[in-house]
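Everything below belongs to run_1.cif, which stores mmCIF, C-alpha atoms and all ligand atoms.
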data_start
loop_
_atom_site.label_atom_id
_atom_site.label_comp_id
_atom_site.auth_asym_id
_atom_site.auth_seq_id
_atom_site.Cartn_x
_atom_site.Cartn_y
_atom_site.Cartn_z
CA VAL A 413 -46.91 2.73 -9.03
CA GLN A 414 -46.14 6.05 -7.46
CA VAL A 415 -42.92 5.83 -5.50
CA GLY A 416 -44.27 6.75 -2.10
CA THR A 417 -42.38 8.31 0.75
CA SER A 418 -44.95 7.43 3.40
CA HIS A 419 -42.79 4.63 4.68
CA GLU A 420 -39.61 6.68 4.91
CA ALA A 421 -40.56 7.42 8.51
CA GLU A 422 -40.49 3.71 9.21
CA TYR A 423 -36.85 3.45 8.25
CA ASP A 424 -35.96 2.47 11.79
CA SER A 425 -38.90 0.19 12.34
CA PHE A 426 -38.47 -3.40 13.36
CA LEU A 427 -40.40 -4.65 10.36
CA PRO A 428 -39.40 -4.73 6.74
CA LEU A 429 -41.36 -2.52 4.37
CA PRO A 430 -44.35 -4.08 2.59
CA GLU A 431 -43.35 -5.64 -0.70
CA ARG A 432 -44.42 -2.83 -3.02
CA GLU A 433 -42.66 -0.20 -0.98
CA LEU A 434 -39.60 -2.42 -0.65
CA ILE A 435 -39.34 -2.80 -4.42
CA SER A 436 -39.75 0.95 -4.87
CA ARG A 437 -37.03 1.48 -2.33
CA ILE A 438 -34.67 -1.01 -4.01
CA ARG A 439 -35.39 0.63 -7.35
CA ARG A 440 -34.65 4.07 -5.94
CA LEU A 441 -31.46 2.97 -4.16
CA SER A 442 -30.19 1.11 -7.20
CA ARG A 443 -30.95 4.08 -9.50
CA ARG A 444 -29.01 6.33 -7.18
CA ARG A 445 -26.11 3.90 -7.15
CA ILE A 446 -25.96 3.29 -10.85
CA ALA A 447 -27.04 6.67 -12.20
CA GLY A 448 -25.28 7.26 -15.45
CA ILE A 449 -23.85 3.79 -15.85
CA ALA A 450 -24.81 0.97 -18.13
CA THR A 451 -26.72 3.23 -20.49
CA GLY A 452 -27.37 1.45 -23.73
CA ARG A 453 -26.85 -1.92 -22.14
CA LEU A 454 -29.96 -2.02 -19.98
CA ILE A 455 -32.98 -1.35 -22.18
CA ALA A 456 -35.53 -2.12 -19.42
CA GLY A 457 -34.87 -2.98 -15.78
CA ILE A 458 -36.79 -2.94 -12.50
CA GLY A 459 -40.44 -2.07 -13.15
CA ASP A 460 -41.10 -4.32 -16.15
CA ASP A 461 -41.99 -8.00 -16.36
CA CYS A 462 -38.51 -8.82 -17.59
CA ALA A 463 -35.29 -6.92 -17.86
CA VAL A 464 -34.15 -6.32 -21.43
CA VAL A 465 -30.36 -6.46 -21.67
CA ARG A 466 -28.31 -5.94 -24.80
CA ILE A 467 -25.60 -8.58 -25.30
CA PRO A 468 -22.65 -7.01 -27.16
CA ALA A 469 -22.28 -8.14 -30.79
CA GLY A 470 -20.12 -11.24 -31.18
CA HIS A 471 -20.63 -12.25 -27.55
CA GLU A 472 -22.42 -15.05 -25.71
CA ALA A 473 -24.40 -14.68 -22.49
CA LEU A 474 -23.09 -16.08 -19.18
CA VAL A 475 -25.63 -16.75 -16.45
CA THR A 476 -24.89 -17.75 -12.86
CA THR A 477 -27.05 -18.09 -9.78
CA ASP A 478 -25.97 -18.37 -6.12
CA PHE A 479 -27.85 -18.66 -2.87
CA SER A 480 -26.82 -16.85 0.31
CA LEU A 481 -28.78 -18.52 3.10
CA GLU A 482 -28.83 -17.36 6.69
CA GLY A 483 -27.46 -20.13 8.90
CA VAL A 484 -25.72 -21.79 5.95
CA HIS A 485 -23.65 -19.07 4.27
CA PHE A 486 -23.80 -16.35 6.90
CA ARG A 487 -25.00 -15.50 10.38
CA ARG A 488 -26.70 -12.21 11.06
CA GLU A 489 -25.11 -12.03 14.52
CA TRP A 490 -21.60 -12.47 13.10
CA HIS A 491 -21.52 -10.20 10.09
CA SER A 492 -22.79 -6.77 9.23
CA PRO A 493 -25.65 -6.57 6.72
CA GLN A 494 -23.30 -4.58 4.43
CA PHE A 495 -20.78 -7.43 4.41
CA ILE A 496 -23.48 -10.02 3.75
CA GLY A 497 -24.83 -7.98 0.81
CA HIS A 498 -21.31 -7.46 -0.53
CA ARG A 499 -20.53 -11.16 -0.35
CA CYS A 500 -23.87 -12.11 -1.91
CA LEU A 501 -23.00 -10.21 -5.11
CA THR A 502 -19.34 -11.26 -4.91
CA ARG A 503 -20.45 -14.91 -5.27
CA GLY A 504 -22.14 -14.10 -8.59
CA LEU A 505 -19.44 -11.78 -9.95
CA SER A 506 -16.74 -14.27 -9.04
CA ASP A 507 -18.41 -16.91 -11.23
CA ILE A 508 -18.42 -14.50 -14.18
CA ALA A 509 -14.71 -13.80 -13.49
CA ALA A 510 -13.98 -17.54 -13.55
CA MET A 511 -15.28 -17.75 -17.14
CA GLY A 512 -13.18 -14.76 -18.23
CA GLY A 513 -16.36 -12.75 -18.71
CA LYS A 514 -17.70 -9.31 -18.07
CA PRO A 515 -20.78 -8.77 -15.85
CA LEU A 516 -23.73 -6.98 -17.50
CA ALA A 517 -26.55 -7.02 -14.94
CA ALA A 518 -27.51 -8.52 -11.58
CA PHE A 519 -30.85 -9.81 -10.29
CA LEU A 520 -31.69 -10.27 -6.63
CA SER A 521 -34.41 -12.44 -5.12
CA LEU A 522 -34.84 -11.77 -1.44
CA ALA A 523 -37.02 -13.61 1.07
CA LEU A 524 -37.20 -11.79 4.40
CA PRO A 525 -38.63 -12.93 7.73
CA ALA A 526 -41.58 -10.88 8.97
CA LYS A 527 -39.57 -9.43 11.84
CA ILE A 528 -36.39 -8.08 10.40
CA PRO A 529 -35.53 -4.41 10.81
CA GLN A 530 -35.73 -2.42 7.58
CA ARG A 531 -32.38 -1.03 8.69
CA TRP A 532 -30.87 -4.50 8.16
CA VAL A 533 -32.41 -4.73 4.69
CA ASP A 534 -31.05 -1.30 3.81
CA GLY A 535 -27.58 -2.27 5.04
CA PHE A 536 -27.67 -5.43 2.94
CA LEU A 537 -28.67 -3.44 -0.15
CA GLU A 538 -26.04 -0.80 0.58
CA GLY A 539 -23.25 -3.41 0.63
CA LEU A 540 -24.55 -5.11 -2.50
CA LEU A 541 -25.12 -1.90 -4.48
CA LYS A 542 -21.76 -0.39 -3.52
CA LEU A 543 -20.01 -3.38 -5.07
CA ALA A 544 -22.39 -3.28 -8.06
CA LYS A 545 -21.34 0.30 -8.69
CA GLN A 546 -17.64 -0.54 -8.47
CA PHE A 547 -18.10 -3.12 -11.22
CA ASN A 548 -20.58 -1.10 -13.25
CA VAL A 549 -23.32 -3.72 -12.85
CA PRO A 550 -26.91 -2.46 -12.62
CA LEU A 551 -29.38 -4.29 -10.39
CA ALA A 552 -31.89 -4.99 -13.15
CA GLY A 553 -34.59 -6.95 -11.36
CA GLY A 554 -35.49 -9.66 -8.91
CA ASP A 555 -38.21 -10.62 -6.50
CA THR A 556 -39.08 -10.10 -2.86
CA THR A 557 -41.25 -12.20 -0.63
CA GLN A 558 -41.76 -13.09 3.01
CA SER A 559 -39.73 -15.95 4.40
CA PRO A 560 -41.24 -18.23 7.03
CA GLY A 561 -37.90 -18.33 8.85
CA LYS A 562 -34.58 -16.89 7.87
CA VAL A 563 -33.13 -14.56 5.26
CA LEU A 564 -32.70 -16.15 1.83
CA ALA A 565 -30.98 -14.18 -0.90
CA ASP A 566 -30.48 -15.48 -4.41
CA ILE A 567 -28.25 -13.53 -6.74
CA VAL A 568 -28.30 -14.00 -10.50
CA VAL A 569 -25.60 -12.35 -12.59
CA LEU A 570 -25.77 -12.03 -16.35
CA GLY A 571 -22.48 -11.53 -18.13
CA SER A 572 -20.96 -11.83 -21.57
CA VAL A 573 -17.89 -13.30 -23.16
CA PRO A 574 -16.71 -13.26 -26.81
CA THR A 575 -18.31 -16.15 -28.69
CA GLY A 576 -16.52 -19.43 -28.11
CA LYS A 577 -14.00 -17.88 -25.70
CA ALA A 578 -15.44 -18.71 -22.27
CA VAL A 579 -12.79 -20.39 -20.10
CA LEU A 580 -14.32 -23.71 -19.04
CA ARG A 581 -13.40 -26.18 -16.30
CA SER A 582 -12.82 -28.86 -18.90
CA GLY A 583 -9.72 -27.49 -20.65
CA SER A 584 -6.91 -28.83 -18.41
CA ARG A 585 -4.42 -31.30 -19.91
CA ALA A 586 -1.78 -33.48 -18.24
CA GLY A 587 1.40 -31.44 -17.83
CA ASP A 588 -0.43 -28.11 -17.32
CA ARG A 589 0.69 -26.06 -14.33
CA ILE A 590 -1.85 -25.13 -11.64
CA TYR A 591 -2.04 -21.51 -10.42
CA VAL A 592 -3.99 -19.49 -7.86
CA THR A 593 -4.43 -15.74 -7.47
CA GLY A 594 -3.95 -13.99 -4.12
CA ASP A 595 -3.72 -15.79 -0.77
CA LEU A 596 -5.92 -18.55 0.57
CA GLY A 597 -7.51 -19.44 3.89
CA GLY A 598 -8.06 -16.01 5.45
CA ALA A 599 -11.85 -16.03 5.47
CA ALA A 600 -11.88 -19.64 6.71
CA ALA A 601 -9.46 -18.90 9.55
CA GLU A 602 -11.63 -15.99 10.60
CA VAL A 603 -14.74 -18.17 10.75
CA ASP A 604 -12.81 -20.78 12.76
CA LEU A 605 -11.98 -18.07 15.26
CA LEU A 606 -15.64 -17.04 15.51
CA TYR A 607 -16.57 -20.64 16.25
CA SER A 608 -13.87 -21.00 18.88
CA ARG A 609 -15.20 -17.91 20.63
CA ARG A 610 -18.74 -19.19 20.67
CA GLY A 611 -19.99 -19.14 24.20
CA GLY A 612 -17.35 -16.57 25.03
CA LYS A 613 -18.05 -12.94 25.65
CA ARG A 614 -17.78 -11.73 22.10
CA THR A 615 -18.82 -13.67 19.01
CA SER A 616 -19.31 -11.07 16.33
CA SER A 617 -17.06 -10.00 13.52
CA ARG A 618 -18.75 -6.83 12.39
CA ARG A 619 -15.57 -5.85 10.60
CA PRO A 620 -14.18 -8.90 8.88
CA SER A 621 -10.49 -8.77 7.96
CA PHE A 622 -11.12 -10.56 4.69
CA VAL A 623 -13.49 -8.77 2.38
CA PRO A 624 -13.53 -10.72 -0.88
CA ARG A 625 -12.89 -9.00 -4.21
CA PRO A 626 -14.29 -10.63 -7.32
CA ARG A 627 -11.35 -11.03 -9.75
CA ILE A 628 -13.20 -9.74 -12.80
CA ASN A 629 -10.29 -7.94 -14.49
CA LEU A 630 -7.87 -10.73 -13.74
CA GLY A 631 -10.20 -13.35 -15.21
CA ARG A 632 -10.63 -11.32 -18.39
CA ILE A 633 -6.90 -10.74 -18.78
CA LEU A 634 -6.15 -14.45 -18.29
CA ARG A 635 -8.66 -15.20 -21.06
CA GLN A 636 -7.58 -12.40 -23.42
CA ARG A 637 -3.92 -13.36 -23.23
CA GLY A 638 -4.79 -16.99 -23.82
CA ILE A 639 -3.11 -18.01 -20.55
CA ALA A 640 -5.77 -20.10 -18.82
CA THR A 641 -6.66 -23.53 -20.23
CA ALA A 642 -9.28 -24.04 -17.49
CA MET A 643 -10.51 -21.86 -14.65
CA ILE A 644 -12.79 -21.86 -11.59
CA ASP A 645 -13.27 -19.51 -8.65
CA ILE A 646 -12.45 -20.77 -5.16
CA SER A 647 -15.79 -20.54 -3.40
CA ASP A 648 -15.83 -23.96 -1.72
CA GLY A 649 -12.10 -24.37 -0.98
CA LEU A 650 -9.03 -25.26 -3.06
CA SER A 651 -9.43 -29.02 -2.62
CA THR A 652 -13.08 -29.06 -3.69
CA ASP A 653 -12.74 -26.56 -6.53
CA LEU A 654 -9.60 -28.22 -7.95
CA SER A 655 -11.47 -31.53 -7.88
CA HIS A 656 -14.15 -29.93 -10.10
CA ILE A 657 -11.50 -29.00 -12.69
CA CYS A 658 -10.03 -32.51 -12.52
CA GLU A 659 -13.43 -34.11 -12.93
CA GLU A 660 -14.52 -31.93 -15.85
CA SER A 661 -11.15 -32.24 -17.59
CA GLY A 662 -10.72 -35.96 -16.89
CA VAL A 663 -7.32 -35.47 -15.27
CA GLY A 664 -5.60 -35.70 -11.89
CA ALA A 665 -3.49 -33.16 -9.99
CA GLU A 666 -0.42 -32.83 -7.79
CA VAL A 667 -0.35 -29.92 -5.37
CA TRP A 668 2.93 -28.74 -3.86
CA VAL A 669 2.05 -28.04 -0.23
CA ASN A 670 4.72 -25.43 0.37
CA ALA A 671 3.76 -23.46 -2.73
CA VAL A 672 0.16 -22.85 -1.62
CA PRO A 673 -0.01 -19.14 -0.70
CA ARG A 674 -1.41 -18.75 2.81
CA ALA A 675 -3.12 -15.56 3.95
CA ASP A 676 -1.82 -13.80 7.04
CA PHE A 677 -4.27 -13.68 9.91
CA HIS A 678 -3.26 -11.95 13.14
CA LYS A 679 0.26 -11.56 11.70
CA ARG A 680 0.77 -15.27 11.09
CA PRO A 681 0.11 -17.45 8.07
CA VAL A 682 -3.15 -19.36 8.42
CA ASP A 683 -3.02 -23.08 9.16
CA LEU A 684 -2.66 -25.46 6.25
CA ARG A 685 -6.19 -26.82 6.60
CA SER A 686 -7.70 -23.34 6.08
CA ALA A 687 -5.53 -22.73 3.01
CA LEU A 688 -6.18 -26.12 1.40
CA HIS A 689 -9.85 -26.55 2.23
CA GLY A 690 -11.26 -23.20 3.38
CA GLY A 691 -13.98 -21.62 1.25
CA ASP A 692 -15.14 -18.07 0.60
CA ALA A 693 -11.78 -17.02 -0.83
CA TYR A 694 -13.15 -15.94 -4.25
CA GLU A 695 -9.68 -16.17 -5.76
CA LEU A 696 -9.20 -17.74 -9.19
CA LEU A 697 -7.78 -21.21 -9.68
CA PHE A 698 -6.57 -21.89 -13.22
CA THR A 699 -4.29 -24.07 -15.27
CA ALA A 700 -1.91 -23.08 -18.06
CA ALA A 701 0.21 -25.05 -20.50
CA LYS A 702 3.74 -25.65 -19.17
CA ARG A 703 5.31 -23.54 -21.94
CA THR A 704 3.01 -20.56 -21.24
CA ARG A 705 4.77 -17.73 -19.46
CA VAL A 706 2.52 -16.79 -16.55
CA PRO A 707 3.38 -13.49 -14.85
CA ALA A 708 4.05 -13.47 -11.08
CA GLY A 709 1.22 -10.98 -10.74
CA ILE A 710 -1.40 -9.11 -12.73
CA GLU A 711 -2.82 -5.72 -11.71
CA GLY A 712 -1.22 -5.98 -8.29
CA VAL A 713 -2.62 -9.45 -7.57
CA LYS A 714 -0.08 -12.18 -6.92
CA ILE A 715 -0.20 -15.36 -9.00
CA SER A 716 1.38 -18.53 -7.58
CA ALA A 717 2.16 -21.85 -9.28
CA ILE A 718 1.00 -24.53 -6.85
CA GLY A 719 1.18 -27.80 -8.76
CA GLU A 720 0.74 -29.77 -11.91
CA ILE A 721 -2.05 -31.54 -13.75
CA THR A 722 -1.41 -35.28 -14.09
CA ARG A 723 -2.70 -38.14 -16.18
CA GLY A 724 -5.38 -40.30 -14.66
CA GLU A 725 -7.61 -39.57 -11.72
CA GLY A 726 -7.16 -38.36 -8.16
CA MET A 727 -5.32 -35.56 -6.45
CA THR A 728 -2.07 -35.81 -4.52
CA LEU A 729 -0.36 -33.53 -2.01
CA VAL A 730 3.41 -33.33 -2.36
CA GLN A 731 5.42 -32.31 0.74
CA SER A 732 8.69 -30.41 0.35
CA GLY A 733 10.66 -33.64 0.90
CA GLY A 734 8.76 -35.31 -1.92
CA LYS A 735 6.49 -37.39 0.31
CA LYS A 736 3.08 -37.84 -1.29
CA SER A 737 -0.36 -38.25 0.28
CA PRO A 738 -3.90 -38.30 -1.14
CA PHE A 739 -5.58 -34.89 -1.45
CA LYS A 740 -9.33 -35.27 -0.98
CA PRO A 741 -11.96 -32.59 -1.53
CA GLN A 742 -12.94 -31.33 1.92
CA GLY A 743 -14.58 -27.96 1.47
CA TRP A 744 -16.85 -27.49 4.43
CA GLN A 745 -19.96 -25.52 5.27
CA TYR A 746 -19.30 -23.11 8.06
CA PHE A 747 -22.41 -21.64 9.43
CA GLY A 748 -24.76 -24.57 9.86
MG MG A 801 -17.98 -20.76 -9.10
#
Write the structure described by the file as structure tokens, please.
Amino acid sequence: VQVGTSHEAEYDSFLPLPERELISRIRRLSRRRIAGIATGRLIAGIGDDCAVVRIPAGHEALVTTDFSLEGVHFRREWHSPQFIGHRCLTRGLSDIAAMGGKPLAAFLSLALPAKIPQRWVDGFLEGLLKLAKQFNVPLAGGDTTQSPGKVLADIVVLGSVPTGKAVLRSGSRAGDRIYVTGDLGGAAAEVDLLYSRRGGKRTSSRRPSFVPRPRINLGRILRQRGIATAMIDISDGLSTDLSHICEESGVGAEVWVNAVPRADFHKRPVDLRSALHGGDAYELLFTAAKRTRVPAGIEGVKISAIGEITRGEGMTLVQSGGKKSPFKPQGWQYFG
């Protein structure tokens, strides 16, 4: 297929480009973004039936897939298309980080309503491809189709990890300490604010204060140094994601309330609910044996001890005075 320019004039139109032109455009944009990177790794990409990706010798493949659905994971009226594209890829990269892996290639399936401006689609791709470039991840394929209703984006990320070395959710043992990277609750507090303003004069957050960074390097370092016994990324909220580690490891957990690092929002720490249950943080939650020396930070990212893995089932919150209460998974969906 000749990469046509006939539709360039329709850049500002209120309709997305027809599928063939859209794919050509994605291919062109992604080539521009990743020119010179990933050579030798990507043997065939967009334009063939399958991508052909070389897995480094002595490594295993990691594969993750994540939906970003309009009305469930984002709202077009609240966030810029660049932010939505950025977060779409962040969700995939963050999963690779949580295994201690390295991303090799990304694949995007995009269903677009008939009446969406091509400008929006371009903004989405711009945000996604900018992040892809920062992490040296080529967009190696995907699919586009028309959606009967809203925007649906599905990101697949292929990564690799040395054979047998992936950090699983199932490795926690009683007595392990629980750690998180960065601060929690910022993105959730921001969404709460958007909700509270609904019906008010301004409801958009075109420039969100909390732009998530996938913790790829941190995840790899935690694996390489043999620090993490189990790991997960906080996409659904601390309570929900910690419960996944507990379930897979067959253990319980105690979380020290005052040790949970809260993000600052409008110059004040976010409320406890946002920090304990708020999603979209994309920080890493991991456990380490008690005797393991865990640094207070790695590559400028703070690491906080927030609790301890216990025998048996269930999670408990421990107040500073020692008072204990049940800690239930309560990650919530924001945009529905
Ligand atoms: Mg995950």
Mind listing as a ChimeraX atom specification all residues within 8 Å of (-13.0, -27.3, -11.8), counting all atoms listed in the file? /A:581-582,642-644,653-661
Could you write out the selected residues, including C-alpha atoms, as a CSV table (one decimal), in the frame of the given file?
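Result file follows (result.csv):
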chain,number,residue,atom,x,y,z
A,581,ARG,CA,-13.4,-26.2,-16.3
A,582,SER,CA,-12.8,-28.9,-18.9
A,642,ALA,CA,-9.3,-24.0,-17.5
A,643,MET,CA,-10.5,-21.9,-14.6
A,644,ILE,CA,-12.8,-21.9,-11.6
A,653,ASP,CA,-12.7,-26.6,-6.5
A,654,LEU,CA,-9.6,-28.2,-8.0
A,655,SER,CA,-11.5,-31.5,-7.9
A,656,HIS,CA,-14.2,-29.9,-10.1
A,657,ILE,CA,-11.5,-29.0,-12.7
A,658,CYS,CA,-10.0,-32.5,-12.5
A,659,GLU,CA,-13.4,-34.1,-12.9
A,660,GLU,CA,-14.5,-31.9,-15.8
A,661,SER,CA,-11.2,-32.2,-17.6
Nearest to ligand MG 801 (chain A): which of A:Asn629, A:Met511, A:Gly594, A:Leu434 is it, counting all atoms listed in the file? A:Met511
Nearest to Ala463 in chain A: which of A:Ala565, A:Leu570, A:Ile438, A:Ala509 is it, counting only C-alpha atoms?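 Between A:Ala565, A:Leu570, A:Ile438, A:Ala509, the residue approaching Ala463 in chain A most closely is A:Leu570.
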Quote the spacing between CA of Asp648 in chain A and CA of Ile628 in chain A in Å to one decimal place.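 Between CA of Asp648 in chain A and CA of Ile628 in chain A the gap works out to 18.2 Å.
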Do a neighbour search on Ala687 in chain A at 6 Å with all atoms listed in the file, toss out local chain neighbours closer than 6 positions, and write the hits as JSON, numbers by chain. {"A": [596, 597, 674]}
8 Å from ligand MG 801 (chain A) is the threshold here; counting only C-alpha atoms and all ligand atoms, which polymer residues fall inside it? Answer as a list in words.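 These are the residues that qualify: Arg503, Gly504, Ser506, Asp507, Ala510, Ile644, Asp645, Ile646 and Ser647 of chain A.
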Here's a test: counting all atoms listed in the file, identify every protein, DNA and RNA residue with an atom at most 7 Å from (-2.3, -16.7, 4.7) in the file's coordinate frame, and state them as a VMD selection string. chain A and resid 595 to 598 673 to 677 681 to 682
Selection from above, C-alpha atoms, as a tab-separated table (two decimals), in the frame of the given file, can you write it?
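Listing of selection_34.tsv after writing:
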chain	number	residue	atom	x	y	z
A	595	ASP	CA	-3.72	-15.79	-0.77
A	596	LEU	CA	-5.92	-18.55	0.57
A	597	GLY	CA	-7.51	-19.44	3.89
A	598	GLY	CA	-8.06	-16.01	5.45
A	673	PRO	CA	-0.01	-19.14	-0.70
A	674	ARG	CA	-1.41	-18.75	2.81
A	675	ALA	CA	-3.12	-15.56	3.95
A	676	ASP	CA	-1.82	-13.80	7.04
A	677	PHE	CA	-4.27	-13.68	9.91
A	681	PRO	CA	0.11	-17.45	8.07
A	682	VAL	CA	-3.15	-19.36	8.42
Neighbouring residues of Ser651 in chain A were defined as those with any atom within 7 Å, considering all atoms listed in the file; residues of the same chain fewer than 4 positions away were excluded. Please report them as a short mmCIF file (atom, residue, chain, number, x, y, z; two decimals) with C-alpha atoms, keeping the file's coordinate frame.
data_model
loop_
_atom_site.label_atom_id
_atom_site.label_comp_id
_atom_site.auth_asym_id
_atom_site.auth_seq_id
_atom_site.Cartn_x
_atom_site.Cartn_y
_atom_site.Cartn_z
CA SER A 655 -11.47 -31.53 -7.88
CA LEU A 688 -6.18 -26.12 1.40
CA HIS A 689 -9.85 -26.55 2.23
CA LYS A 740 -9.33 -35.27 -0.98
CA PRO A 741 -11.96 -32.59 -1.53
CA GLN A 742 -12.94 -31.33 1.92
CA GLY A 743 -14.58 -27.96 1.47
#
Go ahead and compute the interatomic distance for CA of Ala544 in chain A and CA of Gly631 in chain A, in Å to one decimal.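 Computing the Euclidean distance for CA of Ala544 in chain A and CA of Gly631 in chain A yields 17.4 Å.
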When you look at Ala599 in chain A with a cut-off of 9 Å (counting all atoms listed in the file), what residues show up, excluding the ones that are within fewer than 3 positions of it in the same chain? I need them as a PyMOL selection string. chain A and resi 596+602-604+620-624+675+686+690-693
